[in-house]
Amino acid sequence: MIMSKLYTYAACARRPSAVDDEGSRIGGPGFSRVVHTNDPAAAAAAAAAGYYRSNKISTTKYSAVTFLPKSLFEQFRRVANIYFLITALLSYSPIAPFRGSTAVAPLVLVLVATMVKEAIEDWRRKQQDIEVNNRKAKVFQDGAFTQTKWTKLRVGDVVKVEKDEFFPADLVLLSSSYEDAICYVETMNLDGETNLKLKQALGVTSHLQDDESFAGFGAVIKCEDPNAQLYSFVGNIEIEDQQYPLSPTQLLLRDSKLRNTEYVYGAVVFTGHDTKVMQNATSVPSKRSKIEKKMDGAIYLLLSSLVLISVIGSVFFGIATKDDLRDDGRVMKRWYLRPDDTTVIFDPNRAATSAVLHLFTAMILYGYFIPISLYISIELVKLLQAMFINSDIHMYHEESDTPARARTSNLNEELGQVHTILTDKTGTLTCNSMEFIKCSIAGTAYGRGITEVERAMAKKKGSPLIADMEIAVDQPEGKSVVKGFNFADERVMDGEWVNQESSGVIEMFFRLLAVCHTCIPEVDEVSGKVSYEAESPDEAAFVVAARELGFTFYQRTQAGVSLHELDPLSGQQVDRFYKVLHVLEFNSTRKRMSVIVKDEEGKIFLFSKGADSIMFERLSSSESSYRESTQKHINEYADAGLRTLVLAYRQLDDAEYAKFDKKFTAAKNSVSADRDELIEEAADSLERGLILLGATAVEDKLQKGVPECIDKLAQAGIKIWVLTGDKMETAINIGYACSLLRQGMKQITITLDTPDIIALEKGGDRAAITKASKDSVVQQINEGKQLINASASESFALIVDGKSLTHALKDDTKGMFLDLAIGCNSVICCRSSPKQKALVTRLVKAGTHKVTLAIGDGANDVGMIQEADIGVGISGAEGMQAVMASDVSIAQFRFLERLLLVHGHWCYSRISSMVCFFFYKNIAFGVTLFLYECYTSFSGQTFYNDWSMSLYNVLFTSLPVIAMGVFDQDVSARFCLKYPMLYQEGPQNLLFRWSRLLGWMLHGVGSAVIIFFLTIASLKYQAFRSNGQVIDLSTLGATAYTCIVWAVNMQMAITVNYFTLIQHICIWAGIFLWYVFLLAYGAITPSFSTTFFMVFSEALGGAPSYWVVTLLVSVAALIPYFTLSVVKTWFFPTYHNKIQWLQHMAKDDDPEAELGMILRQFSVRSTSVGISARRDAKLVRVSSKGLPC
């Protein structure tokens, strides 16, 4: 088999999975797919038999058939809606106290509004599906490639995809425009990563270079069944009775894009929902906020209260009904009900039955206790809140043109209740934009740059000279800053390395940087500048560094790479070509990468770079004289927060290479179960006896504003945990740089890197190692807890490594570990795997019962993002998988400050007040119905007109509550950020405690009592019509209803903290619409308007007493709340009240009065991490020494 020797290790680098048991399983369970390539008859037969899915995809939640039943099912999962449905059905029975249409109309309105919202969202998804399904692809049909829609593709078709086009299905790569049948693929739509991936077809099909060559082509592909494993593919292709193994290197995934390749040919193996991208399209876990859960509890409380008062009323009704007839029917107590001639509903002879029927009547009547529009109103408010978050210019990142995105609006208020933040480090706290800053070559350290960590450490040690230095290296005048290169050293810059004693080693060091990689160069035709597409930021930084130091990689061909090298003899740039024989790629198991190249003189070299723990054991003992000094430099670089790699090489003779090539090729072509082990064995045998060149050090810089953001979040009382895969030393130093750690903070370190454990590990007794490790972790946890208990006034930081974390997260130890961690001010978990990150997040969420927020930027952070109550994704250099799994996405960690302290606090405050107000206004309305029932011996009659009751929640009182939920600001954004301790209202749930919710409910009861009895007392003997008629039920009910509408809307006016024009309009519109309703509804024929016929124009409008009563009763209903609020604010002010007062009294010339200074000091004093804590600790130390500050 003719195979290119370029990139041949890529197939071995795939991630292990459950389906990686190789070709021996083809044809067995899970590996039964058989594809007849370029055989239209077989494809048509398979399609007709339904063996394979079509290539049409659908991401919608509903279809035309399922929309109605599924959406109704979603709506009636809420207990309140079930209750309203039952009452609506009962309202058409004789026991209903009002017309059925008035009960059904509000429920239908709410259901339709919610379903329309669902339909609009699903229609948008449908439009996206239509656009994708109607894309065009070139398919080989009738001897030529013709355009057809993606939906018409079938398994087995041969497809031609051209540059910058998306792959329409999962394809097996057959050939490409390159002779070696390689191609470059961008998987941004698949995993969000912008780095190009390299794919290569088998040599047996690489000759299919043009359209005509497929005229007689045919093959049979046998492979795994559809599955979600993105990085694995097991199968073989049979051509002319000869089988060849397939691997992930030959698989092109749907929705990936072809880049830097003119065209490719591929055979369709998976279509539609069988493709791996669609197999991975799982829904995000459903998350509900704590307020919503408590709101359900309040609904249950109201339902229970409703049932209780219905039962009580029914008992009294039964007693009164039984007593209606006396002296054998000659005396009728309630004569107006005609108990001597009535139905079973009021029959004194069947009082028990009447009482039971009255129970259902009462439950229908008291349904207005339950706010029917609460859920839809909250959904609308949260949607509008999310729009404000998305449009916040202060969270817009101009460099990347990335705004904040609330990907789900269900958790807005949770943003204001965060207790613990669990954050990744690389790409989240740091930029994941690597800069080459230092290196060690031949035992000599080069690079003058000062890192952010070094500056932070200098501050820690009190070295102001270094601490005050600029981080960036000064660039020569007229020279622009180079991305990825922050190196300066006159000994090697500008070709001066040729004068160094070890110039030969330096030359080989830079050459290795320029050759040992998989980068793709792109040359600007206008400027001639070379840029690079790399698989990781580290690789890009190495190639850029080599370019800046005189070794420019400018071209990659099928055969090798071309460099512009600085010749040490002539001092001139010369062109050199290195034939690439093999590339042994980096993976998490190997932790190294190697290339085998042949130079123009025919010499064969193995260039290798990797982690020091792997590389040092592979060095030649005789030819690595500066190993100790290099190790010392590596440790220093790690202390400075830098990421290091060791560089080494060795020259191979022809015989040695030929032996390896034979062994490696045989292993690569093997289809046995131990194929990976054979390949690794072949590579490992060659990567020995290496000659050390030196080490690189790149800096992953802190993102802008990270220390300040962490400081502000700490002042807000939020605990911050860092979960990282970095070494403990690197993580600790990053902790100092971002002020999570500070001088004077005691560190509790849990690690298994102790002599006893290391000695046991050398022995190899797994059982003994596990037991000793667990015992050591438990002992260290107990010692840490004792230390915290003994020093309550001290600040502690917990640092734990990955091995220890494995034992700390066991069922019998995780409680102890969590207790210790909660007692510390900062927690840093090092060497954490993605699974451990998710387990730690789950432990904190379940153990504290507080809101947790996880933030990360990479695919390894998806687990903890989905596990946390709120997942925040950062759109960084590691791709978009974290963003796609998140609830909220931002571009920079620093935006978390505004997201939580401003938007989070606002949303929590708004939703809390909104829900409380909903219960208040519905109880105020419902209690008047109950009081009227008491007043009329529970006869089941309504106090108000039925249509007016139906429109109470929908028209007259809902708009002001929605406006408050969207626009209200208890404190401005500036004061939210200035006084971060205000945020603690959320984690402590001060605004939605049961005491506050019940207080609003009692206020509703009190308002109802005041309105009902004052209205009756004021109008009891008042004449209303021109003929002297006194008040009747219609005028009394309309007057009381008017007072409720005024009282509820005026209550909103004195509750709102921040008036806007929209809020004014909503408040006055509710009142105005009531009067419009009275006029319009009263003008309709009495058969429809019933008791409200001409009630306003003939009775209420012209009566001065109506207007006086409306004014006085409405004001009286507000007096208790207003009095209590004034007393509380003036004599028992909370921290929140003080900040509101300060904001109100602040002047432009003196925005911070004495109270403001006190509040700010209080805010800062409560934290023990962050810049402020570091500054305060320093002042304490200085003061304790009697020195001036």
# chains A, B, ... in the order shown; residues from 1 in each chain; ligands from 1
call {"tool": "residues_around", "arguments": {"residues": "A:Thr353", "least_positions_apart": "4", "cutoff": "8 Å", "atoms": "only C-alpha atoms", "output": "number ranges by chain"}}
result
A: 344-345, 357
call {"tool": "residues_around", "arguments": {"residues": "A:Lys483", "least_positions_apart": "2", "cutoff": "9 Å", "atoms": "only C-alpha atoms", "output": "JSON, numbers by chain"}}
result
{"A": [433, 434, 435, 481, 485, 486, 541, 544]}
call {"tool": "residues_around", "arguments": {"residues": "A:Phe346", "least_positions_apart": "3", "cutoff": "10 Å", "atoms": "only C-alpha atoms", "output": "number ranges by chain"}}
result
A: 317-318, 320-322, 324, 337-343, 349-351, 353-355, 357-358, 939
call {"tool": "closest_residue", "arguments": {"among": "A:Asp661, A:Asp524, A:Asp857, A:Glu680", "to": "A:Glu585", "atoms": "only C-alpha atoms"}}
result
A:Glu680
call {"tool": "select_by_dssp", "arguments": {"residues": "stretch 183-416 of chain A", "states": "alpha helix (DSSP H)", "output": "MDAnalysis selection string"}}
result
chainID A and resid 188:191 276:279 290:322 351:365 374:390
call {"tool": "residues_around", "arguments": {"residues": "stretch 944-958 of chain A", "least_positions_apart": "3", "cutoff": "6 Å", "atoms": "only C-alpha atoms", "output": "ChimeraX atom specification"}}
result
/A:98,102,961,1037,1070
